[in-house]
There are 2 protein chains.
Amino acid sequence: MAKKSVKTIEDIARLANVSKSTVSRALNDSSLVKQETRERIQAIAREYNFRLNAPARNLSMRQSHTVAFVTHAYHQSFSVDDLFGLEIMGSIAARLSNLGYDFLVVHVNPKDTDWANQYLDSGKVDGFILMTSSRKQMHIKTLAEMNAPFIIWGMPHPKYSHCSVTGDNITGGRLATEYLIRSGRQRIAFLGGPVEEMEVQQRFQGYELALATVGRTVNPDLLAYGNYLHASGITAVQRLLQQAPDLDAVFVNSDLMAIGAISAIQNSGRRIPDDVAVVGYDDLSIAAFNSLPLTTVRQNIPLAGKLLAQNLVQFIRTGVVTNVTVPVELVIRESA
Amino acid sequence: MAKKSVKTIEDIARLANVSKSTVSRALNDSSLVKQETRERIQAIAREYNFRLNAPARNLSMRQSHTVAFVTHAYHQSFSVDDLFGLEIMGSIAARLSNLGYDFLVVHVNPKDTDWANQYLDSGKVDGFILMTSSRKQMHIKTLAEMNAPFIIWGMPHPKYSHCSVTGDNITGGRLATEYLIRSGRQRIAFLGGPVEEMEVQQRFQGYELALATVGRTVNPDLLAYGNYLHASGITAVQRLLQQAPDLDAVFVNSDLMAIGAISAIQNSGRRIPDDVAVVGYDDLSIAAFNSLPLTTVRQNIPLAGKLLAQNLVQFIRTGVVTNVTVPVELVIRESA
DNA sequence: CTGAAAGCGCTTACAG
DNA sequence: CTGAAAGCGCTTACAG
């Protein structure tokens, strides 16, 4: 297994009898080289299994060609609670890789306010993808004010102009509630994510809208909020059950909370979906795997990830800021 | 928000009235600079929020200071089935970051045999962390033969010398089985991962050992194999139930399969743990979240991730190959 | 302990 | 369409 002898474009240049410049252009598919030369050089590169040196290229171009995925890290270590992030990671990585970008995962310490500088000023990354997190608003502010390229999953910050991709939360809330109404449910509870989040307020709007359409009105006893995570689904639904023991349905803002809610409801002696119907949100892979498969509002995670990747790269390259919302759909299984 | 004016070590050098060399040394904590100078320079760097440029540093040092996490990608997109990988990712990333390494995630296409070259020869990464995957043996061969620095989760390949960290599978199998025996179970089934895997064979050894200790012997009707994933737990346990309708316990090689197995067993009209006890493996976060919390063999994921990170970095730096096994423990919840 | 200088392997004006 | 040369921002022998 001989040490590879062709390691730099200079080696290729020698082999092809051209200059380094031409090799560089050929390997970058520049239209500045004659097609025939380009193909000849590319063939040689392929033959010798040659790869451009990334650090050299990045230094020269003053771009890292890599993007950071900033993880929220509710806790010290990852768990199912981070499943949404994991699932979307897959499609982000795929799209990024075929755009020629690498995918760095950055686990930020919530107290650390310096991470963005650390990765940007060092030339390690060209931009950031920000997922949901309790600190999201603060992070957006930091990034926006330092003029860092970034994109977020969720509603854009009202005060700053930046890229985002978000689900259609109003429709999501409406779809879930309409279905519950059509199924004959009379006392439909709303179990939201954090009240202060725009996304949650929009899902609530959808809920309210659907209710209003059939002449109903929101009952404050039927409202509770959690933090999207499993444990909060349990406690929040217990609160609901106490405030309104006769509820017969609950629209939950995440699958994780829905799974928690289901077990708490079952423990209270009620049957699902007979006594109370539960609709989740997201359609993570566990929604279908759950012992009681979840009826839920499906986010289009593959599309969302793809857009997160390509719109960030587009922003890095051209500076155009996009705010897109991806459609949701209701998938009916057994919990409602 | 003025554009930053100090961007390179040259700027710092000017500010500190020293040479670039000295700045470089000071910022790298070299003992070659007088402590006082070093501290003065570091203070200036801090004041101006200066970061060394990573591509330049990497080019100069001919090291990327980044490690690739190679994901198995059973499917196109991530799901709960990749939860083990996700959970371990957290601790790997943490340890890597405090060793000064970055964490790239590489989603390899199973058919692609070229990914390793692509990342190594381009100087994008210094080494690889390989998790479980159907192609693991082949990937090890590829990496070993190209002399790439890497570490795997699992048993090392017999033919090649390389780093690894693995769980104590024999003890894991023994612990689970002994507990089931102590609980008075008479017909204990073994639901393994892929038969051809060393890890699975070792868990089987532990199972056999525990049985032998109380004078029992392995009944072939009580054996089945899956692929660690949820769906295979369902089908495999159905097979078992057919071969041995009177089984009263099953030791399952993953939590994911265990969850599938539980629902299939319940659907067959049997109660858990009363009629049949189920012990899982791994103790992923879902084990505790499951509607029927899992009794399971806990892998020490935080420790495993930490070792995976630091032993790979150690190998990169010094060439010493380590093969370590981390302990397991039984955690008793409600499924057995 | 410090500095001047070469070198890491690319890209890209500039000139032809 | 092609090449010579400068430059990207570091590190590190080498000399002092």
# chains A, B, ... in the order shown; residues from 1 in each chain; ligands from 1

call {"tool": "residues_around", "arguments": {"residues": "A:Phe103", "least_positions_apart": "4", "cutoff": "10 Å", "atoms": "only C-alpha atoms (C1' of nucleotides)", "output": "ChimeraX atom specification"}}
result
/A:65-69,89,92-94,96-97,125,309 /B:68,103-107

call {"tool": "interface_residues", "arguments": {"of": "chain D", "to": "chain B", "cutoff": "10 Å", "atoms": "only C-alpha atoms (C1' of nucleotides)", "output": "ChimeraX atom specification"}}
result
/D:8-12

call {"tool": "calpha_fit_and_write", "arguments": {"fixed": "chain B", "moving": "chain A", "output": "short mmCIF file (atom, residue, chain, number, x, y, z; two decimals) with C-alpha atoms, in the first residue's frame"}}
result
data_model
loop_
_atom_site.label_atom_id
_atom_site.label_comp_id
_atom_site.auth_asym_id
_atom_site.auth_seq_id
_atom_site.Cartn_x
_atom_site.Cartn_y
_atom_site.Cartn_z
CA MET A 1 -21.27 47.71 14.30
CA ALA A 2 -17.85 48.35 12.81
CA LYS A 3 -16.22 45.60 10.82
CA LYS A 4 -13.74 43.92 13.04
CA SER A 5 -10.34 45.45 12.56
CA VAL A 6 -8.21 42.79 14.14
CA LYS A 7 -8.57 39.65 12.10
CA THR A 8 -5.16 38.03 11.93
CA ILE A 9 -2.27 37.30 14.22
CA GLU A 10 -0.43 40.02 12.37
CA ASP A 11 -2.87 42.56 13.78
CA ILE A 12 -2.34 41.21 17.25
CA ALA A 13 1.40 41.23 16.72
CA ARG A 14 1.28 44.91 15.87
CA LEU A 15 -0.83 45.67 18.91
CA ALA A 16 1.48 43.73 21.19
CA ASN A 17 4.66 44.86 19.58
CA VAL A 18 5.96 41.38 18.97
CA SER A 19 6.31 39.13 15.93
CA LYS A 20 3.65 36.90 14.42
CA SER A 21 5.65 33.92 15.60
CA THR A 22 5.36 35.00 19.19
CA VAL A 23 1.66 35.64 18.89
CA SER A 24 1.16 32.23 17.39
CA ARG A 25 3.11 30.62 20.21
CA ALA A 26 1.35 32.59 22.89
CA LEU A 27 -2.08 31.74 21.56
CA ASN A 28 -1.13 28.09 21.43
CA ASP A 29 0.08 28.15 25.01
CA SER A 30 3.59 27.30 23.99
CA SER A 31 6.09 27.17 26.80
CA LEU A 32 8.50 28.84 24.44
CA VAL A 33 7.20 32.28 25.31
CA LYS A 34 7.83 34.08 28.55
CA GLN A 35 4.81 33.76 30.75
CA GLU A 36 4.37 37.48 31.02
CA THR A 37 4.42 38.00 27.25
CA ARG A 38 2.05 35.12 26.79
CA GLU A 39 -0.46 36.55 29.21
CA ARG A 40 -0.19 39.99 27.73
CA ILE A 41 -0.85 38.66 24.26
CA GLN A 42 -3.71 36.47 25.38
CA ALA A 43 -5.27 39.46 27.11
CA ILE A 44 -5.12 41.47 23.91
CA ALA A 45 -6.61 38.62 21.93
CA ARG A 46 -9.43 38.34 24.43
CA GLU A 47 -10.05 42.04 24.39
CA TYR A 48 -10.43 42.10 20.63
CA ASN A 49 -12.31 38.82 20.60
CA PHE A 50 -9.75 37.35 18.30
CA ARG A 51 -9.89 33.78 16.96
CA LEU A 52 -7.23 31.94 15.07
CA ASN A 53 -8.32 31.16 11.56
CA ALA A 54 -9.05 27.47 11.45
CA PRO A 55 -8.47 26.74 7.77
CA ALA A 56 -5.09 28.48 7.87
CA ARG A 57 -4.14 26.62 11.00
CA ASN A 58 -5.32 23.32 9.59
CA LEU A 59 -3.50 23.87 6.33
CA SER A 60 -0.32 24.74 8.10
CA MET A 61 -0.51 21.87 10.54
CA ARG A 62 -1.84 19.44 7.99
CA GLN A 63 -4.53 18.37 10.36
CA SER A 64 -8.20 19.20 10.30
CA HIS A 65 -8.84 18.91 14.00
CA THR A 66 -12.16 17.44 13.16
CA VAL A 67 -13.59 13.97 13.43
CA ALA A 68 -16.36 12.39 11.38
CA PHE A 69 -19.26 10.58 12.91
CA VAL A 70 -20.29 8.07 10.31
CA THR A 71 -23.99 7.36 10.47
CA HIS A 72 -25.30 3.99 9.57
CA ALA A 73 -28.49 5.26 7.96
CA TYR A 74 -30.55 2.14 7.80
CA HIS A 75 -33.06 4.22 5.95
CA GLN A 76 -33.06 7.42 4.00
CA SER A 77 -34.00 9.58 6.95
CA PHE A 78 -33.37 9.37 10.65
CA SER A 79 -35.92 7.95 13.04
CA VAL A 80 -36.20 6.43 16.49
CA ASP A 81 -34.34 3.53 15.04
CA ASP A 82 -31.27 5.73 15.12
CA LEU A 83 -31.80 6.76 18.70
CA PHE A 84 -28.80 4.90 20.02
CA GLY A 85 -26.63 6.83 17.62
CA LEU A 86 -28.24 10.09 18.60
CA GLU A 87 -27.83 9.55 22.29
CA ILE A 88 -24.19 8.63 22.00
CA MET A 89 -23.60 11.58 19.69
CA GLY A 90 -24.23 13.92 22.56
CA SER A 91 -21.43 12.64 24.72
CA ILE A 92 -19.07 12.27 21.78
CA ALA A 93 -19.63 15.87 20.76
CA ALA A 94 -19.10 17.11 24.30
CA ARG A 95 -15.80 15.31 24.79
CA LEU A 96 -14.56 16.17 21.33
CA SER A 97 -15.25 19.82 21.82
CA ASN A 98 -13.23 20.00 24.98
CA LEU A 99 -10.39 18.22 23.24
CA GLY A 100 -10.46 20.99 20.67
CA TYR A 101 -11.94 18.88 17.90
CA ASP A 102 -14.92 19.58 15.71
CA PHE A 103 -17.64 17.13 14.98
CA LEU A 104 -18.71 16.46 11.42
CA VAL A 105 -21.59 14.18 10.67
CA VAL A 106 -21.25 12.11 7.58
CA HIS A 107 -24.23 10.28 6.23
CA VAL A 108 -22.77 7.54 4.10
CA ASN A 109 -24.57 5.94 1.24
CA PRO A 110 -24.22 2.18 1.78
CA LYS A 111 -23.24 1.62 -1.82
CA ASP A 112 -20.58 4.28 -1.69
CA THR A 113 -17.18 2.79 -1.04
CA ASP A 114 -15.36 6.01 -1.54
CA TRP A 115 -16.55 8.17 1.34
CA ALA A 116 -13.53 7.55 3.50
CA ASN A 117 -11.09 8.75 0.88
CA GLN A 118 -13.25 11.69 0.18
CA TYR A 119 -13.06 12.99 3.70
CA LEU A 120 -9.57 11.91 4.55
CA ASP A 121 -7.64 12.83 1.43
CA SER A 122 -9.29 16.20 1.24
CA GLY A 123 -8.07 16.93 4.74
CA LYS A 124 -11.59 17.45 5.98
CA VAL A 125 -11.28 15.07 8.88
CA ASP A 126 -8.54 13.33 10.82
CA GLY A 127 -10.46 10.21 11.66
CA PHE A 128 -13.76 8.39 11.85
CA ILE A 129 -16.14 7.12 14.48
CA LEU A 130 -18.08 4.14 13.23
CA MET A 131 -21.32 2.99 14.80
CA THR A 132 -23.26 -0.17 14.27
CA SER A 133 -24.30 -0.81 10.72
CA SER A 134 -25.08 -3.69 8.48
CA ARG A 135 -21.95 -2.86 6.54
CA LYS A 136 -19.70 -2.53 9.53
CA GLN A 137 -17.33 -5.34 8.70
CA MET A 138 -16.90 -4.05 5.21
CA HIS A 139 -16.31 -0.50 6.38
CA ILE A 140 -13.73 -1.68 8.87
CA LYS A 141 -11.92 -3.51 6.14
CA THR A 142 -11.93 -0.47 3.89
CA LEU A 143 -10.70 1.85 6.61
CA ALA A 144 -8.09 -0.54 7.92
CA GLU A 145 -6.68 -1.20 4.49
CA MET A 146 -6.40 2.45 3.64
CA ASN A 147 -4.75 2.98 6.97
CA ALA A 148 -7.31 5.51 8.12
CA PRO A 149 -7.53 6.43 11.78
CA PHE A 150 -10.84 5.20 13.17
CA ILE A 151 -12.60 3.75 16.16
CA ILE A 152 -15.69 1.63 16.28
CA TRP A 153 -18.49 0.96 18.69
CA GLY A 154 -18.50 -2.79 19.05
CA MET A 155 -16.13 -5.73 18.97
CA PRO A 156 -12.93 -5.17 17.03
CA HIS A 157 -12.46 -7.00 13.77
CA PRO A 158 -10.34 -10.13 14.36
CA LYS A 159 -8.12 -9.56 11.35
CA TYR A 160 -7.27 -5.92 11.82
CA SER A 161 -5.80 -3.94 14.66
CA HIS A 162 -7.88 -0.88 15.41
CA CYS A 163 -9.47 1.05 18.26
CA SER A 164 -12.80 0.06 19.68
CA VAL A 165 -15.08 0.51 22.61
CA THR A 166 -17.74 -2.01 23.28
CA GLY A 167 -20.23 -2.94 25.96
CA ASP A 168 -19.73 -5.94 28.17
CA ASN A 169 -22.06 -8.16 26.23
CA ILE A 170 -21.44 -11.42 28.06
CA THR A 171 -22.24 -9.83 31.38
CA GLY A 172 -25.23 -8.10 29.83
CA GLY A 173 -26.66 -11.40 28.65
CA ARG A 174 -25.92 -13.04 31.96
CA LEU A 175 -27.45 -10.27 34.09
CA ALA A 176 -30.70 -10.23 32.17
CA THR A 177 -31.06 -13.99 32.21
CA GLU A 178 -30.14 -14.41 35.85
CA TYR A 179 -32.74 -11.87 36.82
CA LEU A 180 -35.38 -13.68 34.82
CA ILE A 181 -34.40 -16.97 36.44
CA ARG A 182 -34.51 -15.45 39.91
CA SER A 183 -38.00 -14.16 39.12
CA GLY A 184 -39.05 -17.74 38.63
CA ARG A 185 -39.30 -17.78 34.85
CA GLN A 186 -39.09 -21.23 33.34
CA ARG A 187 -39.08 -20.77 29.59
CA ILE A 188 -36.87 -17.85 28.79
CA ALA A 189 -36.51 -16.91 25.14
CA PHE A 190 -33.58 -15.13 23.55
CA LEU A 191 -34.40 -12.54 20.91
CA GLY A 192 -31.08 -11.48 19.44
CA GLY A 193 -29.75 -8.92 17.02
CA PRO A 194 -28.20 -10.25 13.80
CA VAL A 195 -26.85 -13.78 14.43
CA GLU A 196 -23.60 -13.09 12.69
CA GLU A 197 -22.60 -10.31 15.05
CA MET A 198 -20.03 -11.08 17.73
CA GLU A 199 -21.89 -8.87 20.16
CA VAL A 200 -25.02 -10.94 19.74
CA GLN A 201 -23.13 -14.18 20.15
CA GLN A 202 -21.65 -12.88 23.36
CA ARG A 203 -25.01 -11.91 24.76
CA PHE A 204 -26.11 -15.38 23.85
CA GLN A 205 -23.13 -16.83 25.72
CA GLY A 206 -24.19 -14.88 28.78
CA TYR A 207 -27.68 -16.24 28.39
CA GLU A 208 -26.43 -19.79 28.01
CA LEU A 209 -24.10 -19.40 30.95
CA ALA A 210 -26.81 -18.21 33.30
CA LEU A 211 -29.02 -21.08 32.21
CA ALA A 212 -26.23 -23.61 32.66
CA THR A 213 -25.52 -22.37 36.16
CA VAL A 214 -28.95 -23.54 37.26
CA GLY A 215 -28.67 -26.73 35.28
CA ARG A 216 -30.78 -25.68 32.35
CA THR A 217 -30.03 -25.95 28.70
CA VAL A 218 -30.81 -23.90 25.61
CA ASN A 219 -34.01 -24.78 23.79
CA PRO A 220 -33.79 -23.97 20.06
CA ASP A 221 -37.49 -23.15 19.96
CA LEU A 222 -36.77 -20.29 22.30
CA LEU A 223 -34.34 -18.58 19.90
CA ALA A 224 -35.01 -15.87 17.35
CA TYR A 225 -33.10 -13.04 15.73
CA GLY A 226 -33.89 -9.60 14.42
CA ASN A 227 -31.97 -6.50 13.39
CA TYR A 228 -32.30 -4.36 16.54
CA LEU A 229 -35.08 -2.28 15.04
CA HIS A 230 -38.64 -1.88 16.21
CA ALA A 231 -40.33 -3.69 13.37
CA SER A 232 -38.10 -6.74 13.66
CA GLY A 233 -39.01 -7.07 17.33
CA ILE A 234 -42.61 -7.55 16.36
CA THR A 235 -42.06 -10.20 13.72
CA ALA A 236 -39.40 -12.07 15.66
CA VAL A 237 -41.51 -12.33 18.79
CA GLN A 238 -44.44 -13.56 16.74
CA ARG A 239 -42.22 -16.32 15.48
CA LEU A 240 -41.21 -17.16 19.04
CA LEU A 241 -44.80 -17.23 20.21
CA GLN A 242 -45.58 -19.70 17.49
CA GLN A 243 -42.59 -21.95 18.18
CA ALA A 244 -43.13 -21.84 21.93
CA PRO A 245 -46.56 -20.59 22.93
CA ASP A 246 -45.81 -21.29 26.56
CA LEU A 247 -42.73 -19.08 26.90
CA ASP A 248 -42.86 -16.92 29.99
CA ALA A 249 -39.98 -14.51 29.40
CA VAL A 250 -37.90 -13.02 26.63
CA PHE A 251 -34.54 -11.37 26.76
CA VAL A 252 -34.44 -8.92 23.86
CA ASN A 253 -31.21 -7.49 22.43
CA SER A 254 -32.42 -3.91 22.09
CA ASP A 255 -34.99 -1.60 23.63
CA LEU A 256 -36.40 -0.85 20.21
CA MET A 257 -37.12 -4.52 19.53
CA ALA A 258 -38.36 -4.92 23.09
CA ILE A 259 -40.97 -2.22 22.58
CA GLY A 260 -42.09 -3.92 19.39
CA ALA A 261 -42.09 -7.28 21.13
CA ILE A 262 -44.19 -5.97 23.98
CA SER A 263 -46.94 -4.70 21.75
CA ALA A 264 -46.97 -7.96 19.77
CA ILE A 265 -47.12 -10.01 22.95
CA GLN A 266 -49.93 -7.87 24.31
CA ASN A 267 -51.80 -8.21 21.05
CA SER A 268 -51.57 -11.98 21.41
CA GLY A 269 -53.62 -11.62 24.58
CA ARG A 270 -50.79 -12.20 27.05
CA ARG A 271 -50.10 -9.78 29.86
CA ILE A 272 -46.75 -8.27 30.69
CA PRO A 273 -45.04 -8.95 32.99
CA ASP A 274 -47.54 -11.39 34.49
CA ASP A 275 -47.68 -13.87 31.62
CA VAL A 276 -44.41 -13.01 29.98
CA ALA A 277 -41.57 -10.88 31.25
CA VAL A 278 -39.55 -8.79 28.81
CA VAL A 279 -36.03 -7.49 29.38
CA GLY A 280 -34.59 -5.03 26.86
CA TYR A 281 -31.07 -3.83 26.11
CA ASP A 282 -29.42 -0.39 25.94
CA ASP A 283 -31.63 1.69 28.23
CA LEU A 284 -32.31 4.38 25.70
CA SER A 285 -34.39 7.28 26.92
CA ILE A 286 -37.51 5.67 25.51
CA ALA A 287 -37.06 2.67 27.78
CA ALA A 288 -38.24 4.74 30.72
CA PHE A 289 -40.80 6.69 28.68
CA ASN A 290 -42.49 3.64 27.27
CA SER A 291 -46.09 3.21 28.34
CA LEU A 292 -44.85 0.08 30.06
CA PRO A 293 -41.45 1.17 31.39
CA LEU A 294 -38.78 -1.28 30.35
CA THR A 295 -36.61 -3.44 32.54
CA THR A 296 -33.40 -3.40 30.56
CA VAL A 297 -29.64 -3.81 30.46
CA ARG A 298 -28.20 -0.34 30.58
CA GLN A 299 -25.26 0.52 28.39
CA ASN A 300 -23.16 3.31 29.79
CA ILE A 301 -23.72 5.64 26.87
CA PRO A 302 -22.12 8.76 28.37
CA LEU A 303 -18.95 6.85 29.16
CA ALA A 304 -18.95 5.04 25.85
CA GLY A 305 -19.23 8.30 23.92
CA LYS A 306 -16.51 9.92 25.93
CA LEU A 307 -14.14 7.01 25.33
CA LEU A 308 -14.98 6.84 21.65
CA ALA A 309 -13.98 10.49 21.36
CA GLN A 310 -10.87 10.54 23.45
CA ASN A 311 -9.45 7.24 22.36
CA LEU A 312 -9.78 8.17 18.72
CA VAL A 313 -8.06 11.48 19.32
CA GLN A 314 -5.37 9.68 21.25
CA PHE A 315 -4.88 7.31 18.37
CA ILE A 316 -4.65 10.17 15.89
CA ARG A 317 -2.03 11.84 18.02
CA THR A 318 0.02 8.93 19.24
CA GLY A 319 -0.92 5.88 17.25
CA VAL A 320 -1.74 3.78 20.30
CA VAL A 321 -4.65 1.46 19.65
CA THR A 322 -7.03 0.83 22.51
CA ASN A 323 -9.77 -1.74 22.87
CA VAL A 324 -11.90 -1.07 25.88
CA THR A 325 -15.11 -2.55 27.15
CA VAL A 326 -17.48 -0.54 29.28
CA PRO A 327 -19.62 -2.07 32.02
CA VAL A 328 -23.34 -2.68 31.84
CA GLU A 329 -25.92 -2.84 34.58
CA LEU A 330 -29.46 -4.13 34.92
CA VAL A 331 -32.16 -1.56 35.57
CA ILE A 332 -35.42 -2.94 36.80
CA ARG A 333 -38.67 -1.25 35.86
CA GLU A 334 -42.02 -2.75 34.99
CA SER A 335 -41.72 -5.04 32.02
CA ALA A 336 -40.00 -7.80 34.02
#

call {"tool": "residues_around", "arguments": {"residues": "D:DC14", "least_positions_apart": "4", "cutoff": "12 Å", "atoms": "only C-alpha atoms (C1' of nucleotides)", "output": "ChimeraX atom specification"}}
result
/C:3-6

call {"tool": "select_by_dssp", "arguments": {"residues": "stretch 155-290 of chain A", "states": "alpha helix (DSSP H)", "output": "PyMOL selection string"}}
result
chain A and resi 169-182+198-213+230-243+255-267+285-289

call {"tool": "write_last_selection", "arguments": {"atoms": "C-alpha atoms", "output": "PDB file, in the first residue's frame"}}
result
ATOM      1  CA  ASN A 169     -49.221  26.270  12.337  1.00  0.00           C
ATOM      2  CA  ILE A 170     -52.606  27.890  11.846  1.00  0.00           C
ATOM      3  CA  THR A 171     -53.663  25.195   9.438  1.00  0.00           C
ATOM      4  CA  GLY A 172     -52.208  22.563  11.729  1.00  0.00           C
ATOM      5  CA  GLY A 173     -54.313  23.768  14.631  1.00  0.00           C
ATOM      6  CA  ARG A 174     -57.374  24.029  12.440  1.00  0.00           C
ATOM      7  CA  LEU A 175     -57.010  20.575  10.883  1.00  0.00           C
ATOM      8  CA  ALA A 176     -56.648  18.831  14.211  1.00  0.00           C
ATOM      9  CA  THR A 177     -59.574  20.643  15.763  1.00  0.00           C
ATOM     10  CA  GLU A 178     -61.881  20.241  12.794  1.00  0.00           C
ATOM     11  CA  TYR A 179     -61.257  16.528  12.790  1.00  0.00           C
ATOM     12  CA  LEU A 180     -62.065  16.300  16.465  1.00  0.00           C
ATOM     13  CA  ILE A 181     -65.259  18.276  15.925  1.00  0.00           C
ATOM     14  CA  ARG A 182     -66.279  16.081  13.005  1.00  0.00           C
ATOM     15  CA  MET A 198     -45.662  32.500  18.120  1.00  0.00           C
ATOM     16  CA  GLU A 199     -45.989  28.996  16.751  1.00  0.00           C
ATOM     17  CA  VAL A 200     -48.085  27.975  19.709  1.00  0.00           C
ATOM     18  CA  GLN A 201     -50.265  31.041  19.433  1.00  0.00           C
ATOM     19  CA  GLN A 202     -50.882  30.253  15.808  1.00  0.00           C
ATOM     20  CA  ARG A 203     -51.889  26.700  16.532  1.00  0.00           C
ATOM     21  CA  PHE A 204     -54.210  28.144  19.103  1.00  0.00           C
ATOM     22  CA  GLN A 205     -55.653  30.494  16.486  1.00  0.00           C
ATOM     23  CA  GLY A 206     -56.353  27.503  14.281  1.00  0.00           C
ATOM     24  CA  TYR A 207     -58.038  25.800  17.189  1.00  0.00           C
ATOM     25  CA  GLU A 208     -60.128  28.857  17.979  1.00  0.00           C
ATOM     26  CA  LEU A 209     -61.029  29.310  14.334  1.00  0.00           C
ATOM     27  CA  ALA A 210     -62.287  25.775  13.921  1.00  0.00           C
ATOM     28  CA  LEU A 211     -64.335  26.118  17.079  1.00  0.00           C
ATOM     29  CA  ALA A 212     -65.774  29.444  15.970  1.00  0.00           C
ATOM     30  CA  THR A 213     -66.800  28.013  12.629  1.00  0.00           C
ATOM     31  CA  HIS A 230     -42.715  14.035  27.260  1.00  0.00           C
ATOM     32  CA  ALA A 231     -42.766  14.823  30.948  1.00  0.00           C
ATOM     33  CA  SER A 232     -44.637  18.083  30.480  1.00  0.00           C
ATOM     34  CA  GLY A 233     -47.368  16.254  28.580  1.00  0.00           C
ATOM     35  CA  ILE A 234     -48.071  14.193  31.646  1.00  0.00           C
ATOM     36  CA  THR A 235     -48.290  17.041  34.119  1.00  0.00           C
ATOM     37  CA  ALA A 236     -50.179  19.359  31.796  1.00  0.00           C
ATOM     38  CA  VAL A 237     -52.843  16.797  30.992  1.00  0.00           C
ATOM     39  CA  GLN A 238     -53.265  16.044  34.671  1.00  0.00           C
ATOM     40  CA  ARG A 239     -53.974  19.701  35.197  1.00  0.00           C
ATOM     41  CA  LEU A 240     -56.521  19.626  32.383  1.00  0.00           C
ATOM     42  CA  LEU A 241     -58.222  16.561  33.782  1.00  0.00           C
ATOM     43  CA  GLN A 242     -58.603  18.343  37.069  1.00  0.00           C
ATOM     44  CA  GLN A 243     -59.928  21.584  35.570  1.00  0.00           C
ATOM     45  CA  ASP A 255     -46.094  13.907  19.712  1.00  0.00           C
ATOM     46  CA  LEU A 256     -43.806  13.679  22.703  1.00  0.00           C
ATOM     47  CA  MET A 257     -46.325  15.441  24.950  1.00  0.00           C
ATOM     48  CA  ALA A 258     -49.120  13.442  23.361  1.00  0.00           C
ATOM     49  CA  ILE A 259     -47.470  10.179  24.338  1.00  0.00           C
ATOM     50  CA  GLY A 260     -47.078  11.449  27.884  1.00  0.00           C
ATOM     51  CA  ALA A 261     -50.653  12.694  27.872  1.00  0.00           C
ATOM     52  CA  ILE A 262     -51.968   9.360  26.682  1.00  0.00           C
ATOM     53  CA  SER A 263     -50.371   7.417  29.482  1.00  0.00           C
ATOM     54  CA  ALA A 264     -51.597   9.928  32.068  1.00  0.00           C
ATOM     55  CA  ILE A 265     -55.119   9.803  30.670  1.00  0.00           C
ATOM     56  CA  GLN A 266     -55.088   6.017  30.663  1.00  0.00           C
ATOM     57  CA  ASN A 267     -53.828   5.999  34.217  1.00  0.00           C
ATOM     58  CA  SER A 285     -41.328   8.197  13.817  1.00  0.00           C
ATOM     59  CA  ILE A 286     -42.476   7.287  17.309  1.00  0.00           C
ATOM     60  CA  ALA A 287     -45.987   8.472  16.519  1.00  0.00           C
ATOM     61  CA  ALA A 288     -46.550   5.365  14.428  1.00  0.00           C
ATOM     62  CA  PHE A 289     -44.511   3.109  16.728  1.00  0.00           C
TER      63      PHE A 289
END

call {"tool": "select_by_dssp", "arguments": {"residues": "stretch 33-229 of chain B", "states": "strand (DSSP E)", "output": "PyMOL selection string"}}
result
chain B and resi 66-71+102-107+127-130+150-153+163-167+188-192+223-225

call {"tool": "write_last_selection", "arguments": {"atoms": "C-alpha atoms", "output": "short mmCIF file (atom, residue, chain, number, x, y, z; two decimals), in the first residue's frame"}}
result
data_model
loop_
_atom_site.label_atom_id
_atom_site.label_comp_id
_atom_site.auth_asym_id
_atom_site.auth_seq_id
_atom_site.Cartn_x
_atom_site.Cartn_y
_atom_site.Cartn_z
CA THR B 66 -12.14 17.43 13.20
CA VAL B 67 -13.57 13.96 13.46
CA ALA B 68 -16.33 12.39 11.41
CA PHE B 69 -19.24 10.58 12.94
CA VAL B 70 -20.28 8.06 10.33
CA THR B 71 -23.96 7.37 10.50
CA ASP B 102 -14.90 19.58 15.76
CA PHE B 103 -17.63 17.11 15.01
CA LEU B 104 -18.70 16.47 11.45
CA VAL B 105 -21.59 14.18 10.72
CA VAL B 106 -21.25 12.11 7.60
CA HIS B 107 -24.23 10.30 6.24
CA GLY B 127 -10.44 10.20 11.71
CA PHE B 128 -13.75 8.39 11.89
CA ILE B 129 -16.12 7.11 14.50
CA LEU B 130 -18.08 4.14 13.24
CA PHE B 150 -10.83 5.19 13.19
CA ILE B 151 -12.60 3.74 16.17
CA ILE B 152 -15.69 1.62 16.30
CA TRP B 153 -18.47 0.96 18.70
CA CYS B 163 -9.45 1.03 18.26
CA SER B 164 -12.78 0.03 19.69
CA VAL B 165 -15.08 0.49 22.61
CA THR B 166 -17.74 -2.03 23.30
CA GLY B 167 -20.22 -2.94 25.98
CA ILE B 188 -36.90 -17.87 28.76
CA ALA B 189 -36.54 -16.93 25.11
CA PHE B 190 -33.59 -15.15 23.53
CA LEU B 191 -34.42 -12.55 20.90
CA GLY B 192 -31.10 -11.48 19.42
CA LEU B 223 -34.36 -18.58 19.89
CA ALA B 224 -35.03 -15.88 17.33
CA TYR B 225 -33.11 -13.05 15.73
#
